[in-house]
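Everything below belongs to final.txt, which stores compact mmCIF, C-alpha atoms.
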# COMPACT_ATOMS: atom_id res chain seq x y z
CA MET U 46 3.18 -2.90 9.75
CA SER U 47 4.57 -2.89 6.24
CA VAL U 48 4.81 0.27 4.12
CA GLY U 49 1.48 -0.56 2.47
CA GLU U 50 -0.19 -1.18 5.81
CA VAL U 51 1.14 2.11 7.20
CA ARG U 52 -0.39 3.92 4.25
CA ALA U 53 -3.66 2.01 4.62
CA ALA U 54 -3.71 2.94 8.31
CA LYS U 55 -3.43 6.68 7.71
CA SER U 56 -7.14 7.39 7.26
CA LEU U 57 -7.95 5.32 10.33
CA VAL U 58 -5.29 7.08 12.40
CA ASP U 59 -6.61 10.46 11.24
CA VAL U 60 -10.09 9.54 12.52
CA LEU U 61 -8.67 8.31 15.82
CA HIS U 62 -6.77 11.58 16.26
CA ARG U 63 -9.92 13.57 15.58
CA GLU U 64 -12.23 11.58 17.86
CA TYR U 65 -9.75 10.88 20.67
CA PRO U 66 -7.37 13.86 20.72
CA GLY U 67 -6.09 13.08 24.20
CA MET U 68 -5.09 9.52 23.39
CA THR U 69 -1.53 8.63 22.42
CA ILE U 70 -1.29 6.58 19.23
CA MET U 71 1.70 4.31 18.77
CA LEU U 72 2.49 2.71 15.42
CA THR U 73 4.78 -0.29 15.21
CA THR U 74 6.68 -1.50 12.15
CA MET U 75 9.16 -4.28 11.46
CA THR U 76 11.41 -2.48 8.96
CA LEU U 77 13.31 0.79 8.64
CA THR U 78 11.35 1.54 5.47
CA GLY U 79 8.12 1.23 7.41
CA ALA U 80 9.54 3.49 10.12
CA ASP U 81 10.49 6.10 7.50
CA THR U 82 6.96 5.95 6.10
CA VAL U 83 5.50 6.57 9.57
CA LEU U 84 7.71 9.64 9.93
CA GLN U 85 6.76 10.96 6.48
CA LEU U 86 3.02 10.47 6.95
CA PHE U 87 2.60 11.36 10.62
CA GLY U 88 5.64 13.30 11.81
CA ASP U 89 5.56 13.67 15.58
CA THR U 90 1.78 13.21 15.88
CA VAL U 91 2.29 9.52 16.68
CA VAL U 92 4.84 7.49 18.61
CA HIS U 93 6.80 4.92 16.63
CA ARG U 94 8.31 1.70 17.93
CA PHE U 95 9.62 -1.43 16.25
CA VAL U 96 7.38 -4.39 16.94
CA PRO U 97 8.93 -6.87 19.40
CA TYR U 98 9.80 -10.39 18.37
CA ASP U 99 6.88 -12.67 19.17
CA LEU U 100 8.65 -14.22 22.15
CA PRO U 101 7.08 -14.30 25.64
CA TRP U 102 9.75 -12.21 27.38
CA ALA U 103 9.88 -9.62 24.57
CA VAL U 104 6.11 -9.30 24.32
CA THR U 105 5.50 -9.03 28.06
CA ARG U 106 8.22 -6.41 28.44
CA PHE U 107 6.73 -4.42 25.57
CA ILE U 108 3.20 -4.55 27.01
CA ASN U 109 4.39 -3.64 30.50
CA THR U 110 6.41 -0.73 29.13
CA THR U 111 3.83 0.74 26.75
CA ARG U 112 0.70 -0.14 28.80
CA PRO U 113 -1.68 -0.09 25.81
CA CYS U 114 -5.43 0.22 26.23
CA CYS U 115 -6.04 -1.49 22.90
CA LEU U 116 -4.13 -3.29 20.16
CA ILE U 117 -5.22 -2.74 16.55
CA VAL U 118 -3.56 -5.06 14.03
CA LEU U 119 -3.94 -4.70 10.27
CA GLU U 120 -4.70 -7.38 7.67
CA THR U 121 -3.17 -10.83 8.30
CA GLU U 122 -0.72 -10.31 11.13
CA LEU U 123 -1.43 -13.11 13.65
CA TRP U 124 1.00 -13.08 16.59
CA PRO U 125 0.33 -15.98 19.02
CA ASN U 126 2.36 -14.66 21.97
CA LEU U 127 1.41 -11.02 21.53
CA PHE U 128 -2.29 -11.83 21.38
CA HIS U 129 -2.02 -14.29 24.29
CA TYR U 130 -0.33 -11.82 26.61
CA CYS U 131 -2.67 -9.01 25.55
CA GLN U 132 -5.55 -11.27 26.57
CA LEU U 133 -3.88 -12.00 29.94
CA SER U 134 -3.35 -8.25 30.44
CA LYS U 135 -6.98 -7.53 29.46
CA VAL U 136 -5.91 -5.54 26.39
CA PRO U 137 -8.58 -5.86 23.65
CA VAL U 138 -7.23 -6.99 20.28
CA ILE U 139 -8.87 -5.74 17.07
CA LEU U 140 -7.92 -7.16 13.69
CA ALA U 141 -8.84 -4.35 11.29
CA ASN U 142 -8.96 -4.63 7.51
CA GLY U 143 -8.67 -8.38 8.05
CA ARG U 144 -7.50 -10.34 5.03
CA MET U 145 -7.06 -14.09 4.73
CA SER U 146 -6.26 -15.43 1.27
CA GLY U 147 -6.85 -19.05 0.38
CA GLN U 148 -3.08 -19.57 0.25
CA SER U 149 -2.57 -18.06 3.72
CA ALA U 150 -5.48 -20.03 5.12
CA GLY U 151 -3.87 -23.23 3.86
CA ARG U 152 -0.62 -22.41 5.66
CA TYR U 153 -2.39 -21.50 8.91
CA LYS U 154 -4.39 -24.73 8.70
CA LEU U 155 -1.15 -26.70 8.96
CA VAL U 156 -0.87 -25.42 12.55
CA SER U 157 -4.61 -25.38 13.19
CA GLY U 158 -4.34 -25.75 16.97
CA LEU U 159 -2.08 -22.73 17.35
CA THR U 160 -4.08 -20.73 14.81
CA GLY U 161 -7.39 -21.45 16.53
CA ALA U 162 -5.99 -20.48 19.93
CA THR U 163 -4.55 -17.26 18.49
CA LEU U 164 -7.84 -16.29 16.84
CA LYS U 165 -9.74 -16.90 20.08
CA ASN U 166 -7.64 -14.17 21.71
CA ILE U 167 -8.92 -11.58 19.22
CA THR U 168 -11.78 -9.40 20.45
CA ILE U 169 -13.04 -8.27 17.02
CA ILE U 170 -12.17 -9.26 13.46
CA ALA U 171 -13.22 -6.63 10.92
CA ALA U 172 -12.77 -8.52 7.64
CA GLN U 173 -12.43 -7.00 4.20
CA ASN U 174 -15.05 -9.23 2.56
CA GLN U 175 -17.25 -12.26 3.09
CA LYS U 176 -14.65 -14.74 1.82
CA ASP U 177 -12.06 -13.41 4.26
CA ALA U 178 -14.61 -13.59 7.08
CA GLY U 179 -15.46 -17.19 6.20
CA ARG U 180 -11.81 -18.24 6.23
CA PHE U 181 -11.22 -16.68 9.65
CA ILE U 182 -14.24 -18.55 11.00
CA ALA U 183 -13.14 -21.81 9.37
CA LEU U 184 -9.75 -21.45 11.08
CA GLY U 185 -11.35 -21.12 14.51
CA ALA U 186 -12.55 -17.55 15.02
CA ALA U 187 -15.90 -17.23 16.78
CA ALA U 188 -18.52 -16.22 14.18
CA GLU U 189 -20.02 -13.57 16.49
CA LYS U 190 -16.65 -11.80 16.65
CA VAL U 191 -16.31 -11.53 12.86
CA SER U 192 -17.93 -8.84 10.70
CA VAL U 193 -17.38 -7.54 7.17
CA THR U 194 -16.34 -3.88 7.06
CA GLY U 195 -14.71 -3.50 3.63
CA ASN U 196 -11.19 -2.50 2.64
CA LEU U 197 -9.51 0.51 4.29
CA LYS U 198 -7.40 1.07 1.19
CA TYR U 199 -10.44 2.56 -0.57
CA ASP U 200 -10.62 5.26 2.13
CA PHE U 201 -7.17 6.76 1.72
CA ALA U 202 -7.12 10.57 1.46
CA LEU U 203 -4.79 12.82 -0.52
CA PRO U 204 -2.47 15.06 1.54
CA ASP U 205 -3.99 18.47 2.29
CA ASP U 206 -1.35 20.24 0.22
CA PHE U 207 -1.43 17.72 -2.62
CA HIS U 208 -2.92 19.92 -5.36
CA ALA U 209 -0.78 22.94 -4.49
CA ARG U 210 2.42 20.87 -4.55
CA LEU U 211 1.37 19.11 -7.75
CA ALA U 212 0.77 22.44 -9.50
CA VAL U 213 4.31 23.59 -8.62
CA LEU U 214 5.75 20.28 -9.85
CA LYS U 215 3.84 20.45 -13.15
CA GLN U 216 5.17 23.95 -13.85
CA ALA U 217 8.74 22.66 -13.59
CA TRP U 218 8.27 19.58 -15.77
CA PRO U 219 8.33 19.70 -19.59
CA ALA U 220 4.86 19.95 -21.09
CA GLY U 221 3.61 17.58 -23.75
CA ARG U 222 5.93 14.61 -23.15
CA PRO U 223 4.19 11.22 -22.99
CA ILE U 224 4.98 9.97 -19.48
CA TRP U 225 4.29 6.59 -17.92
CA ILE U 226 5.32 5.29 -14.52
CA ALA U 227 6.39 1.85 -13.32
CA ALA U 228 5.79 1.94 -9.56
CA SER U 229 6.81 -0.38 -6.71
CA THR U 230 8.94 -2.51 -9.01
CA HIS U 231 10.84 -5.60 -7.88
CA ASP U 232 13.98 -7.39 -9.01
CA GLY U 233 13.22 -9.20 -12.26
CA GLU U 234 10.57 -6.71 -13.37
CA GLU U 235 12.81 -3.78 -14.27
CA GLN U 236 14.47 -5.81 -17.05
CA MET U 237 11.10 -6.41 -18.72
CA ILE U 238 9.99 -2.81 -18.15
CA LEU U 239 13.16 -1.35 -19.67
CA LYS U 240 12.98 -3.71 -22.63
CA GLY U 241 9.40 -2.59 -23.13
CA HIS U 242 10.26 1.10 -22.78
CA ALA U 243 12.92 0.80 -25.50
CA LYS U 244 10.17 -0.45 -27.84
CA VAL U 245 7.75 2.28 -26.75
CA LEU U 246 10.43 4.87 -27.63
CA GLU U 247 10.39 3.60 -31.22
CA VAL U 248 6.78 4.76 -31.45
CA TYR U 249 6.96 7.73 -29.06
CA PRO U 250 10.57 9.07 -29.19
CA ARG U 251 9.87 11.78 -26.55
CA CYS U 252 8.40 9.30 -24.08
CA LEU U 253 9.67 9.34 -20.49
CA LEU U 254 9.53 6.41 -18.08
CA ILE U 255 9.45 7.15 -14.34
CA ILE U 256 10.57 4.07 -12.45
CA ALA U 257 10.07 3.81 -8.68
CA PRO U 258 11.68 0.70 -7.13
CA ARG U 259 9.79 -0.73 -4.18
CA HIS U 260 12.80 -1.01 -1.88
CA PRO U 261 15.16 1.95 -1.27
CA GLU U 262 18.21 -0.30 -1.02
CA ARG U 263 17.76 -1.07 -4.73
CA PHE U 264 17.78 2.54 -5.98
CA SER U 265 21.44 2.42 -7.05
CA SER U 266 21.30 -1.03 -8.65
CA VAL U 267 18.17 -0.13 -10.62
CA THR U 268 19.82 3.09 -11.83
CA SER U 269 22.84 1.07 -12.99
CA LEU U 270 20.54 -1.40 -14.74
CA CYS U 271 18.78 1.44 -16.57
CA ARG U 272 22.07 2.91 -17.74
CA LYS U 273 23.45 -0.46 -18.81
CA SER U 274 20.34 -0.95 -20.94
CA GLY U 275 21.45 2.01 -23.04
CA LEU U 276 18.66 4.35 -21.93
CA ARG U 277 19.58 7.87 -20.86
CA THR U 278 18.84 7.83 -17.15
CA VAL U 279 18.83 10.31 -14.27
CA ARG U 280 17.88 9.97 -10.60
CA LYS U 281 15.64 12.42 -8.78
CA SER U 282 18.37 12.92 -6.18
CA GLU U 283 20.60 14.11 -9.05
CA LYS U 284 18.06 16.33 -10.81
CA SER U 285 14.62 17.51 -9.70
CA CYS U 286 13.34 17.56 -13.27
CA PRO U 287 14.54 15.48 -16.25
CA ASP U 288 15.67 17.23 -19.41
CA GLU U 289 14.24 16.35 -22.81
CA PRO U 290 17.04 13.93 -23.87
CA GLU U 291 16.61 11.81 -20.75
CA GLN U 292 14.45 8.72 -21.21
CA VAL U 293 14.25 7.21 -17.70
CA TYR U 294 13.78 9.03 -14.40
CA VAL U 295 14.48 6.95 -11.28
CA LEU U 296 12.35 8.11 -8.36
CA ASP U 297 14.79 7.46 -5.53
CA THR U 298 12.89 9.27 -2.77
CA MET U 299 10.17 8.05 -0.42
CA GLY U 300 6.68 9.42 0.14
CA GLU U 301 6.27 11.19 -3.22
CA LEU U 302 4.82 8.47 -5.42
CA LEU U 303 1.33 10.02 -5.56
CA PHE U 304 2.69 13.17 -7.21
CA TYR U 305 4.44 11.18 -9.92
CA TYR U 306 1.36 9.07 -10.55
CA ALA U 307 -0.45 12.35 -11.18
CA LEU U 308 2.23 13.48 -13.66
CA SER U 309 1.79 10.28 -15.70
CA ARG U 310 -0.69 9.31 -18.37
CA LEU U 311 -0.74 5.69 -17.22
CA ALA U 312 0.71 3.54 -14.46
CA PHE U 313 2.19 0.06 -14.27
CA VAL U 314 1.96 -1.18 -10.66
CA GLY U 315 4.74 -3.61 -9.86
CA GLY U 316 5.28 -6.67 -7.74
CA SER U 317 3.02 -8.30 -10.31
CA LEU U 318 5.24 -9.47 -13.19
CA VAL U 319 7.13 -11.56 -10.62
CA PRO U 320 5.52 -13.64 -7.85
CA ALA U 321 5.55 -10.88 -5.21
CA GLY U 322 1.76 -10.61 -5.00
CA GLY U 323 1.24 -7.11 -6.41
CA HIS U 324 0.87 -3.69 -4.79
CA ASN U 325 -1.86 -1.12 -4.23
CA MET U 326 -3.57 -0.10 -7.49
CA LEU U 327 -6.10 2.17 -5.82
CA GLU U 328 -3.78 5.18 -5.49
CA PRO U 329 -3.38 5.75 -9.26
CA ALA U 330 -7.02 4.76 -9.75
CA ALA U 331 -8.17 7.44 -7.29
CA LEU U 332 -6.24 9.99 -9.38
CA GLY U 333 -7.98 8.88 -12.57
CA ILE U 334 -4.88 7.14 -13.99
CA PRO U 335 -5.42 3.92 -15.99
CA VAL U 336 -3.57 0.96 -14.48
CA ILE U 337 -1.53 -1.87 -16.00
CA THR U 338 -0.46 -4.80 -13.87
CA GLY U 339 1.07 -8.24 -14.16
CA PRO U 340 -0.67 -11.54 -13.32
CA TYR U 341 0.79 -12.14 -9.83
CA LEU U 342 -1.84 -10.42 -7.69
CA HIS U 343 -2.55 -12.73 -4.76
CA ASN U 344 -2.09 -9.95 -2.19
CA PHE U 345 -4.64 -7.76 -3.99
CA HIS U 346 -6.87 -10.37 -5.58
CA GLU U 347 -10.21 -8.74 -4.81
CA ILE U 348 -9.10 -5.20 -5.71
CA ALA U 349 -7.48 -6.45 -8.93
CA ALA U 350 -10.62 -8.37 -9.90
CA ARG U 351 -12.83 -5.33 -9.30
CA MET U 352 -10.48 -3.06 -11.24
CA GLN U 353 -10.46 -5.42 -14.20
CA GLU U 354 -14.24 -5.92 -14.12
CA ALA U 355 -14.72 -2.15 -14.07
CA GLY U 356 -12.40 -1.66 -17.05
CA ALA U 357 -9.94 0.37 -14.98
CA ALA U 358 -7.00 -2.05 -15.14
CA SER U 359 -5.46 -4.43 -17.65
CA VAL U 360 -3.18 -7.42 -17.09
CA VAL U 361 -0.02 -8.13 -19.09
CA HIS U 362 2.29 -11.15 -18.82
CA ASN U 363 5.55 -10.07 -20.45
CA ALA U 364 7.45 -7.19 -22.05
CA HIS U 365 5.72 -7.64 -25.41
CA GLU U 366 2.25 -7.37 -23.91
CA LEU U 367 3.37 -4.41 -21.80
CA VAL U 368 4.50 -2.54 -24.93
CA THR U 369 1.22 -3.31 -26.66
CA GLU U 370 -0.85 -2.00 -23.75
CA VAL U 371 1.26 1.12 -23.15
CA THR U 372 1.14 2.13 -26.82
CA ARG U 373 -2.58 1.33 -27.01
CA LEU U 374 -3.32 3.67 -24.11
CA PHE U 375 -0.93 6.37 -25.32
CA SER U 376 -2.59 6.37 -28.72
CA ASN U 377 -6.14 6.99 -27.48
CA GLU U 378 -6.85 9.82 -25.05
CA ASN U 379 -10.55 8.87 -24.81
CA LEU U 380 -9.58 5.31 -23.84
CA ARG U 381 -7.27 6.60 -21.10
CA HIS U 382 -9.90 8.99 -19.80
CA ASP U 383 -12.58 6.28 -19.75
CA ALA U 384 -10.37 3.77 -17.90
CA GLY U 385 -9.22 6.45 -15.45
CA LEU U 386 -12.79 7.57 -14.75
CA LYS U 387 -13.89 3.98 -14.10
CA GLY U 388 -11.06 3.53 -11.62
CA ARG U 389 -11.87 6.76 -9.79
CA ASN U 390 -15.55 5.84 -9.59
CA LEU U 391 -14.69 2.39 -8.21
CA VAL U 392 -12.69 3.97 -5.39
CA VAL U 393 -15.47 6.43 -4.54
CA GLU U 394 -18.18 3.75 -4.58
CA ASN U 395 -16.29 1.51 -2.16
CA ARG U 396 -15.40 4.08 0.47
CA GLY U 397 -16.84 3.78 3.97
CA SER U 398 -14.77 1.02 5.54
CA ILE U 399 -13.44 3.41 8.19
CA ASP U 400 -16.93 4.24 9.45
CA ARG U 401 -17.86 0.56 9.65
CA CYS U 402 -14.57 -0.28 11.39
CA MET U 403 -14.95 2.59 13.87
CA HIS U 404 -18.40 1.25 14.78
CA HIS U 405 -16.56 -1.66 16.44
CA ILE U 406 -13.60 0.33 17.77
CA ARG U 407 -15.49 3.18 19.48
CA PRO U 408 -17.16 1.10 22.24
CA ILE U 409 -13.72 -0.16 23.29
CA LEU U 410 -11.91 3.18 23.17
CA ASN U 411 -14.76 5.12 24.80
CA LYS U 412 -13.91 3.35 28.05
CA TYR U 413 -10.49 5.02 27.96
CA ALA U 414 -11.41 8.40 26.47
CA THR U 415 -10.90 10.20 29.78
CA ASN U 416 -7.83 8.13 30.68
CA PRO U 417 -5.44 8.32 27.71
CA ALA U 418 -3.25 5.30 27.22
CA GLY U 419 -1.14 3.76 24.51
CA LEU U 420 -2.65 2.50 21.29
CA ILE U 421 -0.53 0.16 19.16
Represent the structure contained in this file as structure tokens.
Amino acid sequence: MSVGEVRAAKSLVDVLHREYPGMTIMLTTMTLTGADTVLQLFGDTVVHRFVPYDLPWAVTRFINTTRPCCLIVLETELWPNLFHYCQLSKVPVILANGRMSGQSAGRYKLVSGLTGATLKNITIIAAQNQKDAGRFIALGAAAEKVSVTGNLKYDFALPDDFHARLAVLKQAWPAGRPIWIAASTHDGEEQMILKGHAKVLEVYPRCLLIIAPRHPERFSSVTSLCRKSGLRTVRKSEKSCPDEPEQVYVLDTMGELLFYYALSRLAFVGGSLVPAGGHNMLEPAALGIPVITGPYLHNFHEIAARMQEAGAASVVHNAHELVTEVTRLFSNENLRHDAGLKGRNLVVENRGSIDRCMHHIRPILNKYATNPAGLI
């Protein structure tokens, strides 16, 4: 799982823990960042392993070692060998929060024979929406195995101690400063964001930009870029709270983004001014924070469309448009409140995917409730 998928899985894992307390849950990731996210979100309540390469010998060894009772895969991860050997070992495979974009479907269609065989080894496909379901079926999934359950990302829950920790953080931070956050940024975006922030400072001289690069290995290079741009910059690892003269605050820690969304008046969600496909806009929306995004949103097309239709998010294409939108929102508290409220309502109205997904998972896991086994 990626970092985003780990976060999306949290609410589902919480339900599984509650309903099947004797069952061991194993989460697999491909990257160290994903592994770190598992540790931050779950601690020692789950077992973590790195997913094996999709090679016959690696997959069979992994299955024989972990002896899972069920495999739950999130979104668009289709692993031909893993699914094949799960089927041979009589391990049910559930594709939860299933997503299949038109672009992905086109690529899978190029190897239609392999794709069709892989999909036939899936026990249940719980798709995010009707379009996703239709694409899975068109690629070879049996229609009776496919259902629409909604998007798990709407069901994420705030940490239990969120409000208490946020209150402590707010006491330490300077009151009254206009703050905006650029979250999950990628290479090529920070230049536009910093150029825009310099212009915003001409209108709001006390304004602070919090910038949170998507990948930890870029923390140092982004900090250097900020300083080379002439903006007074400090990293969180250097100072827990920025002083008034500082203009950019680089969030170089993991697992704290929600708190810094909540400190901000508005949020730009990155991976969208460059062709990375965007990132999750629902977290700031759930906190009542208006969202700005770029045009490259193919990984979050449906969510982005709903956010825009609801008036909770706006799209910009360059630094100039970003400045215009940031200053527009800063200048009108009622506008910010209205956009934030629409985003929060959208999240609330679309919750329930977990219940619909569990409707399909329970009959499988109930067979093993008295005989705990691994769950990937």
Just the residues within 12 Å of Leu303 in chain U, please, counting all atoms listed in the file, with nothing from its chain fewer than 2 positions along; format it as a PyMOL selection string.
-> chain U and resi 52+201-204+207-208+210-211+214+226+228-229+257+296+298-301+305-309+312+325-334
To one decimal in Å, tell me the separation between CA of Ile170 in chain U and CA of Leu140 in chain U.
-> 4.7 Å
Polymer residues at most 6 Å from (-9.0, -4.9, 5.4) by all atoms listed in the file, as a PyMOL selection string = chain U and resi 120+141-144+172-173+196-197
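Nearest to Arg222 in chain U of all the residues U:Val96, U:Cys252, U:Leu184, U:Met237 is U:Cys252, based on all atoms listed in the file.
Minimum distance to Trp218 in chain U across U:Ser274, U:Thr168, U:Ser56, U:Ser285 (counting only C-alpha atoms) occurs at U:Ser285.
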Provide the CA of Ala212 in chain U to CA of Ser282 in chain U distance in Å, to one decimal place.
-> 20.3 Å
Work out how far CA of His365 in chain U is from CA of Leu318 in chain U, in Å to one decimal.
-> 12.4 Å
Got a sec: who's within 7 Å of Ala364 in chain U, counting only C-alpha atoms, leaving out chain neighbours fewer than 3 positions off, as a CSV table (one decimal) with C-alpha atoms, in the frame of the given file?
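The resulting part.csv:
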chain,number,residue,atom,x,y,z
U,237,MET,CA,11.1,-6.4,-18.7
U,238,ILE,CA,10.0,-2.8,-18.2
U,240,LYS,CA,13.0,-3.7,-22.6
U,241,GLY,CA,9.4,-2.6,-23.1
U,367,LEU,CA,3.4,-4.4,-21.8
U,368,VAL,CA,4.5,-2.5,-24.9
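Here the question is which of U:Ala186, U:Leu374, U:Val91, U:Glu394 gets nearest to Gly158 in chain U using all atoms listed in the file, and that residue is U:Ala186.
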Out of U:Arg106, U:Arg401, U:Arg263, U:Lys135, which residue has the shortest atom-to-atom distance to Glu235 in chain U when counting only C-alpha atoms?
-> U:Arg263
Within 9 Å of Glu50 in chain U, counting only C-alpha atoms, which residues qualify if same-chain residues fewer than 6 places away don't, as a list of chain:residue names?
-> U:Gly79, U:Leu119, U:Glu120, U:Lys198
Please rebuild range 107-121 of chain U with N, CA, C and O atoms and give the result as a compact mmCIF listing (two decimals), keeping the file's coordinate frame.
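Written out: part-v8.txt:
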# COMPACT_ATOMS: atom_id res chain seq x y z
N PHE U 107 7.29 -5.48 26.40
CA PHE U 107 6.73 -4.42 25.57
C PHE U 107 5.38 -3.96 26.12
O PHE U 107 5.11 -2.75 26.22
N ILE U 108 4.52 -4.90 26.47
CA ILE U 108 3.20 -4.55 27.01
C ILE U 108 3.34 -3.81 28.33
O ILE U 108 2.66 -2.80 28.57
N ASN U 109 4.21 -4.28 29.20
CA ASN U 109 4.39 -3.64 30.50
C ASN U 109 4.98 -2.24 30.37
O ASN U 109 4.69 -1.36 31.19
N THR U 110 5.79 -2.04 29.33
CA THR U 110 6.41 -0.73 29.13
C THR U 110 5.45 0.27 28.50
O THR U 110 5.37 1.42 28.91
N THR U 111 4.70 -0.17 27.49
CA THR U 111 3.83 0.74 26.75
C THR U 111 2.44 0.88 27.38
O THR U 111 1.78 1.89 27.18
N ARG U 112 2.01 -0.15 28.12
CA ARG U 112 0.70 -0.14 28.80
C ARG U 112 -0.43 0.28 27.86
O ARG U 112 -1.13 1.27 28.09
N PRO U 113 -0.64 -0.47 26.77
CA PRO U 113 -1.68 -0.09 25.81
C PRO U 113 -3.08 -0.33 26.35
O PRO U 113 -3.30 -1.23 27.17
N CYS U 114 -4.03 0.47 25.90
CA CYS U 114 -5.43 0.22 26.23
C CYS U 114 -6.09 -0.65 25.17
O CYS U 114 -7.16 -1.22 25.39
N CYS U 115 -5.45 -0.74 24.00
CA CYS U 115 -6.04 -1.49 22.90
C CYS U 115 -4.95 -1.78 21.88
O CYS U 115 -4.02 -1.00 21.71
N LEU U 116 -5.05 -2.92 21.23
CA LEU U 116 -4.13 -3.29 20.16
C LEU U 116 -4.94 -3.43 18.87
O LEU U 116 -5.89 -4.21 18.80
N ILE U 117 -4.58 -2.64 17.87
CA ILE U 117 -5.22 -2.74 16.55
C ILE U 117 -4.17 -3.27 15.57
O ILE U 117 -3.10 -2.68 15.41
N VAL U 118 -4.47 -4.40 14.98
CA VAL U 118 -3.56 -5.06 14.03
C VAL U 118 -4.21 -5.02 12.65
O VAL U 118 -5.43 -5.20 12.52
N LEU U 119 -3.40 -4.80 11.62
CA LEU U 119 -3.94 -4.70 10.27
C LEU U 119 -3.68 -5.96 9.44
O LEU U 119 -2.61 -6.56 9.51
N GLU U 120 -4.73 -6.36 8.72
CA GLU U 120 -4.70 -7.38 7.67
C GLU U 120 -4.48 -8.79 8.19
O GLU U 120 -5.34 -9.33 8.84
N THR U 121 -3.32 -9.40 7.97
CA THR U 121 -3.17 -10.83 8.30
C THR U 121 -2.12 -11.10 9.36
O THR U 121 -1.62 -12.21 9.46
